[in-house]
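File shown here: work-v1.csv, holding CSV, C-alpha atoms and all ligand atoms.
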chain,number,residue,atom,x,y,z
A,1234,MET,CA,175.5,88.3,-30.8
A,1235,SER,CA,178.3,86.2,-32.4
A,1236,ALA,CA,179.3,87.2,-35.9
A,1237,TRP,CA,178.0,84.0,-37.4
A,1238,GLU,CA,174.6,84.6,-36.0
A,1239,ALA,CA,174.1,87.4,-38.4
A,1240,ASN,CA,173.7,84.8,-41.1
A,1241,VAL,CA,171.4,82.5,-39.3
A,1242,ARG,CA,167.9,82.0,-40.8
A,1243,LYS,CA,165.8,83.2,-38.0
A,1244,VAL,CA,162.3,81.8,-37.8
A,1245,GLU,CA,159.5,81.7,-35.3
A,1246,PRO,CA,158.6,78.0,-35.1
A,1247,TYR,CA,155.2,76.5,-35.0
A,1248,VAL,CA,154.3,75.5,-31.5
A,1249,PRO,CA,152.4,72.2,-31.4
A,1250,GLY,CA,150.0,71.3,-28.6
A,1251,GLU,CA,151.5,70.1,-25.4
A,1252,GLN,CA,152.4,66.3,-25.1
A,1253,PRO,CA,152.2,65.9,-21.3
A,1254,LYS,CA,154.5,63.2,-19.9
A,1255,GLU,CA,152.4,62.3,-16.9
A,1256,LYS,CA,150.0,59.3,-16.8
A,1257,ASN,CA,146.3,59.3,-16.0
A,1258,ILE,CA,145.4,62.4,-17.9
A,1259,ILE,CA,142.5,63.1,-20.2
A,1260,LYS,CA,144.2,64.4,-23.4
A,1261,LEU,CA,141.8,66.4,-25.6
A,1262,ASN,CA,144.3,68.9,-26.9
A,1263,THR,CA,145.9,67.6,-30.1
A,1264,ASN,CA,143.1,66.0,-32.1
A,1265,GLU,CA,144.3,62.4,-31.7
A,1266,ASN,CA,141.9,59.5,-32.0
A,1267,PRO,CA,141.0,58.0,-28.6
A,1268,TYR,CA,140.8,54.5,-30.1
A,1269,PRO,CA,143.8,52.4,-31.0
A,1270,PRO,CA,144.7,51.7,-34.6
A,1271,SER,CA,143.1,48.7,-36.4
A,1272,PRO,CA,143.8,45.3,-34.7
A,1273,LYS,CA,145.3,44.3,-38.1
A,1274,VAL,CA,147.9,47.0,-37.6
A,1275,LEU,CA,148.6,46.0,-34.1
A,1276,LYS,CA,149.0,42.3,-35.2
A,1277,LYS,CA,151.3,43.0,-38.1
A,1278,MET,CA,154.8,41.8,-37.4
A,1279,ILE,CA,157.8,43.6,-38.7
A,1280,GLU,CA,160.9,41.5,-39.1
A,1281,LEU,CA,163.2,43.7,-37.1
A,1282,ASP,CA,166.2,42.3,-39.0
A,1283,ARG,CA,165.0,44.1,-42.1
A,1284,LEU,CA,165.5,47.4,-40.3
A,1285,ARG,CA,169.2,47.2,-41.2
A,1286,LEU,CA,168.1,47.9,-44.8
A,1287,TYR,CA,167.0,51.2,-46.2
A,1288,PRO,CA,163.2,51.4,-46.7
A,1289,ASP,CA,161.7,51.5,-50.2
A,1290,ASP,CA,162.3,55.1,-51.2
A,1291,LYS,CA,159.1,55.1,-53.2
A,1292,ALA,CA,157.0,53.5,-50.4
A,1293,THR,CA,155.4,51.5,-53.1
A,1294,LEU,CA,153.4,49.2,-50.8
A,1295,LEU,CA,151.7,52.2,-49.0
A,1296,VAL,CA,151.3,54.3,-52.1
A,1297,ASP,CA,149.6,51.4,-54.0
A,1298,GLU,CA,147.3,50.7,-51.1
A,1299,ILE,CA,146.2,54.4,-50.8
A,1300,ALA,CA,145.8,54.7,-54.6
A,1301,GLY,CA,143.7,51.5,-54.7
A,1302,TYR,CA,141.5,52.7,-51.9
A,1303,HIS,CA,140.7,56.0,-53.6
A,1304,GLY,CA,140.5,54.5,-57.1
A,1305,LEU,CA,143.5,56.4,-58.4
A,1306,LYS,CA,146.7,55.6,-60.2
A,1307,SER,CA,149.8,55.2,-57.9
A,1308,SER,CA,151.3,58.1,-59.9
A,1309,GLN,CA,148.6,60.3,-58.4
A,1310,VAL,CA,149.7,59.7,-54.8
A,1311,PHE,CA,152.5,61.3,-52.8
A,1312,VAL,CA,153.3,60.2,-49.2
A,1313,GLY,CA,155.2,62.0,-46.5
A,1314,VAL,CA,156.0,62.1,-42.8
A,1315,GLY,CA,152.6,63.2,-41.6
A,1316,SER,CA,150.6,65.7,-43.7
A,1317,ASP,CA,152.9,68.4,-42.2
A,1318,ASP,CA,155.7,67.1,-44.3
A,1319,VAL,CA,153.4,66.7,-47.3
A,1320,LEU,CA,152.2,70.3,-47.0
A,1321,ALA,CA,155.7,71.7,-46.4
A,1322,MET,CA,156.8,69.9,-49.6
A,1323,ALA,CA,153.8,71.3,-51.5
A,1324,PHE,CA,154.6,74.9,-50.4
A,1325,MET,CA,158.2,74.4,-51.4
A,1326,THR,CA,157.2,73.0,-54.8
A,1327,PHE,CA,154.3,75.1,-55.9
A,1328,PHE,CA,154.5,78.6,-54.4
A,1329,ASN,CA,157.4,80.2,-56.2
A,1330,SER,CA,155.8,83.0,-58.2
A,1331,GLY,CA,156.7,85.7,-55.8
A,1332,LYS,CA,153.0,86.6,-55.6
A,1333,LYS,CA,151.1,86.4,-52.3
A,1334,ILE,CA,149.5,83.1,-51.5
A,1335,LEU,CA,146.1,83.2,-49.8
A,1336,PHE,CA,144.8,81.3,-46.7
A,1337,PRO,CA,142.3,82.4,-44.1
A,1338,ASP,CA,143.2,84.5,-41.0
A,1339,ILE,CA,142.0,81.7,-38.8
A,1340,THR,CA,143.2,78.4,-40.0
A,1341,TYR,CA,145.9,75.8,-39.3
A,1342,SER,CA,148.7,77.9,-37.8
A,1343,PHE,CA,151.5,76.1,-39.6
A,1344,TYR,CA,150.7,77.7,-43.0
A,1345,ASP,CA,152.1,81.1,-42.1
A,1346,VAL,CA,155.1,79.4,-40.5
A,1347,TRP,CA,156.0,77.5,-43.7
A,1348,ALA,CA,155.4,80.6,-45.7
A,1349,GLU,CA,157.8,82.6,-43.5
A,1350,LEU,CA,160.4,79.8,-43.5
A,1351,LEU,CA,160.3,79.5,-47.3
A,1352,GLY,CA,160.1,83.3,-48.0
A,1353,ILE,CA,156.7,83.0,-49.6
A,1354,PRO,CA,154.6,86.2,-49.4
A,1355,TYR,CA,151.1,85.6,-48.1
A,1356,GLU,CA,147.8,87.3,-47.3
A,1357,ARG,CA,145.2,86.1,-44.8
A,1358,PRO,CA,141.6,87.1,-45.8
A,1359,ALA,CA,139.5,87.3,-42.7
A,1360,LEU,CA,136.8,84.7,-42.0
A,1361,ASP,CA,133.3,86.3,-41.6
A,1362,GLU,CA,131.9,86.8,-38.1
A,1363,ASP,CA,130.5,83.3,-38.0
A,1364,PHE,CA,134.0,82.0,-38.9
A,1365,ASN,CA,133.1,81.1,-42.5
A,1366,ILE,CA,135.5,81.4,-45.4
A,1367,ILE,CA,134.4,84.1,-47.9
A,1368,ALA,CA,134.9,82.7,-51.4
A,1369,LYS,CA,135.2,86.0,-53.2
A,1370,ASP,CA,138.3,86.9,-51.1
A,1371,TYR,CA,140.0,84.2,-53.2
A,1372,TYR,CA,139.0,85.6,-56.6
A,1373,LYS,CA,141.9,88.0,-56.8
A,1374,ASP,CA,145.3,87.5,-58.5
A,1375,ASN,CA,147.5,85.4,-56.2
A,1376,GLY,CA,150.4,82.9,-56.0
A,1377,GLY,CA,148.4,80.0,-54.7
A,1378,VAL,CA,145.6,79.1,-52.3
A,1379,VAL,CA,145.5,76.9,-49.2
A,1380,ILE,CA,142.1,75.9,-47.7
A,1381,ALA,CA,141.7,73.5,-44.8
A,1382,ASN,CA,138.3,71.8,-45.3
A,1383,PRO,CA,137.0,71.2,-42.7
A,1384,ASN,CA,138.8,74.2,-41.3
A,1385,ALA,CA,140.8,74.1,-38.1
A,1386,PRO,CA,140.4,75.1,-35.3
A,1387,THR,CA,136.8,76.1,-36.2
A,1388,GLY,CA,135.7,72.6,-37.4
A,1389,ILE,CA,133.5,74.1,-40.1
A,1390,ALA,CA,133.2,72.3,-43.4
A,1391,ARG,CA,132.2,73.7,-46.8
A,1392,PRO,CA,130.7,71.6,-49.6
A,1393,ILE,CA,132.6,70.6,-52.7
A,1394,THR,CA,130.7,73.2,-54.7
A,1395,PHE,CA,132.4,75.9,-52.6
A,1396,ILE,CA,135.9,74.5,-53.4
A,1397,GLU,CA,135.0,74.2,-57.0
A,1398,ASP,CA,134.0,77.8,-57.1
A,1399,ILE,CA,137.4,78.8,-55.7
A,1400,LEU,CA,139.1,76.5,-58.2
A,1401,LYS,CA,137.2,78.1,-61.1
A,1402,HIS,CA,138.6,81.4,-60.1
A,1403,ASN,CA,142.1,80.0,-59.6
A,1404,GLN,CA,143.1,78.0,-62.6
A,1405,ASP,CA,146.6,79.5,-63.0
A,1406,VAL,CA,147.9,78.6,-59.5
A,1407,VAL,CA,148.0,75.5,-57.3
A,1408,VAL,CA,145.1,75.1,-54.9
A,1409,ILE,CA,145.8,73.0,-51.8
A,1410,VAL,CA,142.8,71.5,-49.9
A,1411,ASP,CA,143.9,70.2,-46.5
A,1412,GLU,CA,141.5,67.4,-45.6
A,1413,ALA,CA,143.1,66.4,-42.4
A,1414,TYR,CA,139.6,66.0,-40.8
A,1415,VAL,CA,137.4,65.2,-43.7
A,1416,ASP,CA,136.6,61.7,-42.6
A,1417,PHE,CA,134.6,63.0,-39.6
A,1418,GLY,CA,131.8,64.5,-41.8
A,1419,GLY,CA,133.3,66.8,-44.4
A,1420,GLU,CA,132.8,66.5,-48.2
A,1421,SER,CA,136.0,65.6,-50.0
A,1422,SER,CA,137.2,67.6,-53.0
A,1423,LEU,CA,138.9,64.5,-54.4
A,1424,PRO,CA,136.4,64.0,-57.3
A,1425,LEU,CA,137.6,67.4,-58.7
A,1426,ILE,CA,141.2,66.2,-59.3
A,1427,ASP,CA,140.2,64.8,-62.7
A,1428,THR,CA,138.9,68.1,-63.9
A,1429,TYR,CA,141.5,70.4,-62.2
A,1430,ASP,CA,145.1,69.4,-62.7
A,1431,ASN,CA,146.1,72.2,-60.3
A,1432,LEU,CA,144.2,70.8,-57.3
A,1433,LEU,CA,146.1,69.0,-54.5
A,1434,VAL,CA,144.1,67.2,-51.8
A,1435,VAL,CA,146.1,66.4,-48.7
A,1436,ARG,CA,145.1,63.8,-46.0
A,1437,THR,CA,146.6,62.3,-42.9
A,1438,PHE,CA,146.6,59.0,-41.0
A,1439,SER,CA,146.9,60.9,-37.7
A,1440,LYS,CA,143.3,61.5,-36.9
A,1441,SER,CA,140.7,59.1,-38.4
A,1442,ARG,CA,143.2,56.3,-38.7
A,1443,SER,CA,144.5,56.6,-35.1
A,1444,MET,CA,148.2,56.7,-36.2
A,1445,ALA,CA,149.5,60.1,-35.3
A,1446,GLY,CA,152.6,58.4,-33.7
A,1447,LEU,CA,153.7,56.8,-37.0
A,1448,ARG,CA,153.6,60.1,-39.0
A,1449,ILE,CA,151.9,59.3,-42.3
A,1450,GLY,CA,150.3,61.8,-44.6
A,1451,TYR,CA,149.6,61.9,-48.3
A,1452,ALA,CA,148.6,64.1,-51.2
A,1453,MET,CA,146.5,63.3,-54.2
A,1454,GLY,CA,146.3,65.1,-57.5
A,1455,SER,CA,147.1,65.0,-61.2
A,1456,GLU,CA,150.2,63.0,-62.2
A,1457,LYS,CA,151.9,66.2,-63.1
A,1458,LEU,CA,151.5,67.7,-59.7
A,1459,ILE,CA,152.7,64.6,-57.9
A,1460,LYS,CA,155.7,64.3,-60.2
A,1461,TYR,CA,156.8,67.9,-59.4
A,1462,MET,CA,156.4,67.2,-55.7
A,1463,SER,CA,158.4,64.0,-55.9
A,1464,ASP,CA,161.2,65.7,-57.7
A,1465,VAL,CA,161.5,68.2,-54.9
A,1466,LYS,CA,161.3,65.5,-52.3
A,1467,PHE,CA,164.0,63.4,-53.9
A,1468,SER,CA,166.2,66.5,-54.0
A,1469,TYR,CA,165.8,66.8,-50.3
A,1470,ASN,CA,165.6,63.4,-48.6
A,1471,SER,CA,165.1,60.1,-50.4
A,1472,TYR,CA,164.1,58.1,-47.4
A,1473,THR,CA,161.4,60.1,-45.6
A,1474,MET,CA,159.1,57.2,-45.1
A,1475,ASN,CA,160.4,54.6,-42.6
A,1476,MET,CA,159.8,50.9,-43.0
A,1477,PRO,CA,157.3,50.4,-40.2
A,1478,SER,CA,155.2,53.4,-41.4
A,1479,ILE,CA,155.1,51.9,-44.9
A,1480,ILE,CA,154.1,48.4,-43.7
A,1481,LEU,CA,151.7,49.4,-41.0
A,1482,GLY,CA,150.1,52.3,-43.0
A,1483,ALA,CA,149.3,49.8,-45.8
A,1484,GLU,CA,147.8,47.4,-43.2
A,1485,SER,CA,145.5,50.2,-41.8
A,1486,ILE,CA,144.0,50.9,-45.3
A,1487,LYS,CA,143.1,47.2,-45.6
A,1488,ASP,CA,140.8,47.3,-42.6
A,1489,ASP,CA,138.0,49.6,-43.8
A,1490,GLU,CA,135.4,48.2,-41.5
A,1491,TYR,CA,137.4,49.1,-38.3
A,1492,PHE,CA,138.2,52.5,-39.8
A,1493,LYS,CA,134.5,53.3,-40.4
A,1494,ASP,CA,133.5,52.0,-37.0
A,1495,THR,CA,135.9,54.2,-35.0
A,1496,VAL,CA,135.0,57.2,-37.0
A,1497,ALA,CA,131.3,56.6,-36.4
A,1498,LYS,CA,132.0,56.3,-32.7
A,1499,VAL,CA,133.9,59.6,-32.6
A,1500,ILE,CA,131.0,61.3,-34.5
A,1501,ASP,CA,128.5,59.8,-32.1
A,1502,THR,CA,130.3,61.1,-29.0
A,1503,ARG,CA,130.8,64.5,-30.6
A,1504,GLU,CA,127.1,65.0,-31.3
A,1505,TRP,CA,126.1,63.8,-27.8
A,1506,PHE,CA,128.8,66.0,-26.2
A,1507,LYS,CA,127.8,69.1,-28.3
A,1508,ASN,CA,124.2,68.7,-27.2
A,1509,GLU,CA,125.2,68.4,-23.5
A,1510,ILE,CA,127.4,71.5,-23.4
A,1511,GLU,CA,124.9,73.6,-25.4
A,1512,ASN,CA,122.5,72.9,-22.5
A,1513,ILE,CA,124.9,74.5,-20.0
A,1514,GLY,CA,125.4,77.7,-22.0
A,1515,PHE,CA,128.2,76.9,-24.4
A,1516,LYS,CA,128.2,78.2,-28.0
A,1517,VAL,CA,129.5,75.4,-30.2
A,1518,LEU,CA,130.5,75.9,-33.8
A,1519,PRO,CA,129.1,73.3,-36.3
A,1520,SER,CA,131.8,70.6,-36.5
A,1521,ALA,CA,132.6,68.1,-39.2
A,1522,THR,CA,135.8,67.1,-37.4
A,1523,ASN,CA,137.0,65.1,-34.3
A,1524,PHE,CA,137.0,68.3,-32.2
A,1525,LEU,CA,134.6,71.1,-31.2
A,1526,PHE,CA,135.4,74.8,-31.0
A,1527,ILE,CA,133.5,76.2,-28.0
A,1528,SER,CA,133.0,79.3,-26.0
A,1529,HIS,CA,130.9,80.0,-22.9
A,1530,GLU,CA,128.6,83.0,-22.4
A,1531,LYS,CA,129.9,83.7,-18.9
A,1532,VAL,CA,133.2,81.9,-18.1
A,1533,ALA,CA,136.3,82.9,-20.0
A,1534,ALA,CA,138.0,80.2,-22.1
A,1535,LYS,CA,141.4,80.8,-20.6
A,1536,GLU,CA,140.0,80.2,-17.1
A,1537,ILE,CA,138.4,76.9,-18.2
A,1538,PHE,CA,141.6,75.9,-19.9
A,1539,GLU,CA,143.7,76.6,-16.8
A,1540,LYS,CA,141.3,74.9,-14.3
A,1541,ALA,CA,140.9,71.9,-16.5
A,1542,ARG,CA,144.6,71.5,-16.6
A,1543,GLU,CA,144.7,71.4,-12.8
A,1544,GLU,CA,142.3,68.5,-13.1
A,1545,LYS,CA,144.7,66.8,-15.6
A,1546,ILE,CA,142.3,67.5,-18.5
A,1547,PHE,CA,144.1,69.0,-21.4
A,1548,VAL,CA,142.3,71.0,-24.1
A,1549,ARG,CA,143.7,73.6,-26.6
A,1550,TYR,CA,143.6,77.3,-26.0
A,1551,PHE,CA,144.9,79.8,-28.6
A,1552,ASN,CA,145.9,83.2,-27.3
A,1553,LYS,CA,145.2,84.8,-30.6
A,1554,PRO,CA,143.0,87.7,-31.8
A,1555,ARG,CA,139.3,86.7,-32.4
A,1556,ILE,CA,139.6,83.2,-31.0
A,1557,ASP,CA,141.0,83.9,-27.5
A,1558,ASN,CA,137.7,83.2,-25.8
A,1559,TYR,CA,137.4,79.8,-27.5
A,1560,LEU,CA,138.6,76.3,-26.6
A,1561,ARG,CA,139.3,73.5,-29.1
A,1562,VAL,CA,138.3,70.3,-27.5
A,1563,THR,CA,139.2,67.0,-29.1
A,1564,ILE,CA,136.6,64.3,-28.9
A,1565,GLY,CA,137.8,61.5,-26.6
A,1566,THR,CA,136.1,58.3,-25.6
A,1567,ARG,CA,132.5,58.6,-24.2
A,1568,GLU,CA,134.0,58.0,-20.7
A,1569,GLU,CA,136.5,60.8,-21.0
A,1570,MET,CA,133.9,63.2,-22.3
A,1571,GLU,CA,131.6,62.4,-19.4
A,1572,ILE,CA,134.4,63.3,-17.0
A,1573,PHE,CA,135.1,66.5,-18.9
A,1574,LEU,CA,131.3,67.3,-18.9
A,1575,ASP,CA,131.1,66.9,-15.2
A,1576,PHE,CA,134.0,69.3,-14.8
A,1577,LEU,CA,132.4,71.8,-17.1
A,1578,LYS,CA,129.1,71.6,-15.2
A,1579,LYS,CA,130.9,72.4,-12.0
A,1580,ILE,CA,132.8,75.3,-13.4
A,1581,VAL,CA,129.9,77.1,-15.1
B,1601,LIG,N1,146.4,70.0,-41.2
B,1601,LIG,C1,145.6,70.3,-40.2
B,1601,LIG,C2,144.5,71.2,-40.5
B,1601,LIG,C3,145.9,69.9,-38.9
B,1601,LIG,O1,145.1,70.2,-37.9
B,1601,LIG,C4,147.0,69.0,-38.7
B,1601,LIG,C5,147.3,68.5,-37.3
B,1601,LIG,N2,148.1,69.3,-36.5
B,1601,LIG,C6,147.8,68.7,-39.8
B,1601,LIG,C7,147.5,69.2,-41.0
B,1601,LIG,C8,149.0,67.9,-39.6
B,1601,LIG,O2,148.8,66.6,-39.2
B,1601,LIG,P1,149.9,65.4,-39.4
B,1601,LIG,O3,151.2,66.0,-39.7
B,1601,LIG,O4,149.8,64.7,-38.1
B,1601,LIG,O5,149.4,64.6,-40.6
Show how you would write the structure in this file as structure tokens.
Amino acid sequence: MSAWEANVRKVEPYVPGEQPKEKNIIKLNTNENPYPPSPKVLKKMIELDRLRLYPDDKATLLVDEIAGYHGLKSSQVFVGVGSDDVLAMAFMTFFNSGKKILFPDITYSFYDVWAELLGIPYERPALDEDFNIIAKDYYKDNGGVVIANPNAPTGIARPITFIEDILKHNQDVVVIVDEAYVDFGGESSLPLIDTYDNLLVVRTFSKSRSMAGLRIGYAMGSEKLIKYMSDVKFSYNSYTMNMPSIILGAESIKDDEYFKDTVAKVIDTREWFKNEIENIGFKVLPSATNFLFISHEKVAAKEIFEKAREEKIFVRYFNKPRIDNYLRVTIGTREEMEIFLDFLKKIV
């Protein structure tokens, strides 16, 4: 080891799902939307000449559009490069007490990576045997709480009353609710931000808005919370949001009909597919997301994962305690899911 390496910050990075390069695959491994973004987004022209200029550092067009959509003031909205960026900023801004922050043992696996990176101590209360979050595990003294609702990779959603209960027990720390998948059937905690100035609700354009490639995420909360986050962001990088993201993101929000339509199609396919695979012996957790967390009574998840891959069907397998016999399957188009179903029927 070279001498300088002794002073390197060594971290174990988050490993995102594979992005295969080959064509003609069925990609059900990273929870993207199978449908394209709104035609309004696709039609919107960007004057490429303008790219020589810096973008609006405050991303006003996008922030105003998001705020208007949710009936909030623009000062209650923070935007970032995907919700990953927004969440990382929130961890950096709010979790500085030195006390352990709390999030479930099975949840989005980036939370512990940010905590490690930023030197934030953390504890991961275990989900119960049905993969439900146990509220009372979050009643103890802590440095902050992070709940994905619906949770990932389980897909299970809890009602707003459940989140409010956690908030009632956590008024002295920031509580982050990650609503990456809420549009597919979860109940949002957004109405609670008027009552709880320590609640930050985080959303993304990557799933329900079919825009994972543009990288847009946002947070909503009290003006105070958003101001603190912005101060940290502007101390780090003024121009996180690029010009196309600002313009096309705003355009997406304007087309609510298309948005509701595609979300409804995904939900429809999910319910049909769930029913079909239950008939061939799969256990399927209740999902309020655009994916299903599934396990078969006879065939090991790892085997299904590997055989599917040989057929150019990509799903997500986590080689982790408690969930290593499950697969997370993103809901694709009806046609894609029919092909996957045929494959599953053969294998089981
Ligand atoms: N939160 C959860 C629970 C997720 O599953 C994801 C997707 N990997 C994200 C946040 C981040 O999504 P993005 O950065 O694309 O907004």
Test item: residues lying within 8 Å of ligand LIG 1601 (chain B) with all atoms listed in the file, as a short mmCIF file (atom, residue, chain, number, x, y, z; two decimals) with C-alpha atoms, keeping the file's coordinate frame:
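Output file selection35.cif is given in full below:
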data_model
loop_
_atom_site.label_atom_id
_atom_site.label_comp_id
_atom_site.auth_asym_id
_atom_site.auth_seq_id
_atom_site.Cartn_x
_atom_site.Cartn_y
_atom_site.Cartn_z
CA PRO A 1249 152.40 72.20 -31.40
CA THR A 1263 145.90 67.60 -30.10
CA ASN A 1264 143.10 66.00 -32.10
CA VAL A 1314 156.00 62.10 -42.80
CA GLY A 1315 152.60 63.20 -41.60
CA SER A 1316 150.60 65.70 -43.70
CA ASP A 1317 152.90 68.40 -42.20
CA ASP A 1318 155.70 67.10 -44.30
CA VAL A 1319 153.40 66.70 -47.30
CA LEU A 1320 152.20 70.30 -47.00
CA THR A 1340 143.20 78.40 -40.00
CA TYR A 1341 145.90 75.80 -39.30
CA ALA A 1381 141.70 73.50 -44.80
CA ASN A 1382 138.30 71.80 -45.30
CA PRO A 1383 137.00 71.20 -42.70
CA ASN A 1384 138.80 74.20 -41.30
CA ALA A 1385 140.80 74.10 -38.10
CA PRO A 1386 140.40 75.10 -35.30
CA ASP A 1411 143.90 70.20 -46.50
CA GLU A 1412 141.50 67.40 -45.60
CA ALA A 1413 143.10 66.40 -42.40
CA TYR A 1414 139.60 66.00 -40.80
CA ARG A 1436 145.10 63.80 -46.00
CA THR A 1437 146.60 62.30 -42.90
CA PHE A 1438 146.60 59.00 -41.00
CA SER A 1439 146.90 60.90 -37.70
CA LYS A 1440 143.30 61.50 -36.90
CA ALA A 1445 149.50 60.10 -35.30
CA ARG A 1448 153.60 60.10 -39.00
CA ILE A 1449 151.90 59.30 -42.30
CA GLY A 1450 150.30 61.80 -44.60
#
Might you pull out every residue within 12 Å of Phe1538 in chain A, with only C-alpha atoms counted and same-chain residues fewer than 3 positions away left off, and present them as a PyMOL selection string? chain A and resi 1261-1262+1527-1529+1532-1535+1541-1552+1557-1562+1573+1576-1577+1580
Saved selection, atoms kept: C-alpha atoms, as a PDB file, keeping the file's coordinate frame:
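Dumped everything to again15.pdb:
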ATOM      1  CA  LEU A1261     141.800  66.400 -25.600  1.00  0.00           C
ATOM      2  CA  ASN A1262     144.300  68.900 -26.900  1.00  0.00           C
ATOM      3  CA  ILE A1527     133.500  76.200 -28.000  1.00  0.00           C
ATOM      4  CA  SER A1528     133.000  79.300 -26.000  1.00  0.00           C
ATOM      5  CA  HIS A1529     130.900  80.000 -22.900  1.00  0.00           C
ATOM      6  CA  VAL A1532     133.200  81.900 -18.100  1.00  0.00           C
ATOM      7  CA  ALA A1533     136.300  82.900 -20.000  1.00  0.00           C
ATOM      8  CA  ALA A1534     138.000  80.200 -22.100  1.00  0.00           C
ATOM      9  CA  LYS A1535     141.400  80.800 -20.600  1.00  0.00           C
ATOM     10  CA  ALA A1541     140.900  71.900 -16.500  1.00  0.00           C
ATOM     11  CA  ARG A1542     144.600  71.500 -16.600  1.00  0.00           C
ATOM     12  CA  GLU A1543     144.700  71.400 -12.800  1.00  0.00           C
ATOM     13  CA  GLU A1544     142.300  68.500 -13.100  1.00  0.00           C
ATOM     14  CA  LYS A1545     144.700  66.800 -15.600  1.00  0.00           C
ATOM     15  CA  ILE A1546     142.300  67.500 -18.500  1.00  0.00           C
ATOM     16  CA  PHE A1547     144.100  69.000 -21.400  1.00  0.00           C
ATOM     17  CA  VAL A1548     142.300  71.000 -24.100  1.00  0.00           C
ATOM     18  CA  ARG A1549     143.700  73.600 -26.600  1.00  0.00           C
ATOM     19  CA  TYR A1550     143.600  77.300 -26.000  1.00  0.00           C
ATOM     20  CA  PHE A1551     144.900  79.800 -28.600  1.00  0.00           C
ATOM     21  CA  ASN A1552     145.900  83.200 -27.300  1.00  0.00           C
ATOM     22  CA  ASP A1557     141.000  83.900 -27.500  1.00  0.00           C
ATOM     23  CA  ASN A1558     137.700  83.200 -25.800  1.00  0.00           C
ATOM     24  CA  TYR A1559     137.400  79.800 -27.500  1.00  0.00           C
ATOM     25  CA  LEU A1560     138.600  76.300 -26.600  1.00  0.00           C
ATOM     26  CA  ARG A1561     139.300  73.500 -29.100  1.00  0.00           C
ATOM     27  CA  VAL A1562     138.300  70.300 -27.500  1.00  0.00           C
ATOM     28  CA  PHE A1573     135.100  66.500 -18.900  1.00  0.00           C
ATOM     29  CA  PHE A1576     134.000  69.300 -14.800  1.00  0.00           C
ATOM     30  CA  LEU A1577     132.400  71.800 -17.100  1.00  0.00           C
ATOM     31  CA  ILE A1580     132.800  75.300 -13.400  1.00  0.00           C
TER      32      ILE A1580
END
Pick out the residues sitting within 9 Å of Ser1422 in chain A, and hand them over as a list of chain:residue names; count all atoms listed in the file, and ignore anything fewer than 4 positions along from it in its own chain.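 Listing them by chain and then by number gives A:Asn1382, A:Pro1392, A:Ile1393, A:Thr1394, A:Ile1396, A:Glu1397, A:Val1410, A:Glu1412, A:Ile1426, A:Leu1432, A:Val1434.
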Between CA of Pro1246 in chain A and CA of Val1346 in chain A, distance in Å (one decimal): 6.6 Å
So how far away is CA of Phe1395 in chain A from CA of Met1462 in chain A, in Å? 25.7 Å
Hey, which bits of range 1389-1497 of chain A sit within 9 Å of range 1369-1379 of chain A, and for each residue what's the closest pair of atoms and how far apart in Å (one decimal), counting all atoms listed in the file, rows by chain and increasing number, as CSV?
residue,atom,partner,partner_atom,distance
A:Ile1399,CA,A:Tyr1371,CA,6.5
A:Lys1401,CA,A:Tyr1372,CA,8.9
A:His1402,CA,A:Tyr1372,CA,5.5
A:Asn1403,CA,A:Tyr1372,CA,7.1
A:Asp1405,CA,A:Gly1377,CA,8.5
A:Val1406,CA,A:Gly1377,CA,5.0
A:Val1407,CA,A:Gly1377,CA,5.2
A:Val1408,CA,A:Val1378,CA,4.8
A:Ile1409,CA,A:Val1379,CA,4.7
A:Val1410,CA,A:Val1379,CA,6.1
A:Asp1411,CA,A:Val1379,CA,7.4
Mind listing as a tab-separated table (two decimals) with C-alpha atoms, keeping the file's coordinate frame all residues within 9 Å of (140.9, 83.1, -35.4), counting all atoms listed in the file?
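Generated file (selection-v7.tsv):
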chain	number	residue	atom	x	y	z
A	1337	PRO	CA	142.30	82.40	-44.10
A	1338	ASP	CA	143.20	84.50	-41.00
A	1339	ILE	CA	142.00	81.70	-38.80
A	1340	THR	CA	143.20	78.40	-40.00
A	1359	ALA	CA	139.50	87.30	-42.70
A	1360	LEU	CA	136.80	84.70	-42.00
A	1364	PHE	CA	134.00	82.00	-38.90
A	1386	PRO	CA	140.40	75.10	-35.30
A	1387	THR	CA	136.80	76.10	-36.20
A	1551	PHE	CA	144.90	79.80	-28.60
A	1553	LYS	CA	145.20	84.80	-30.60
A	1554	PRO	CA	143.00	87.70	-31.80
A	1555	ARG	CA	139.30	86.70	-32.40
A	1556	ILE	CA	139.60	83.20	-31.00
A	1557	ASP	CA	141.00	83.90	-27.50
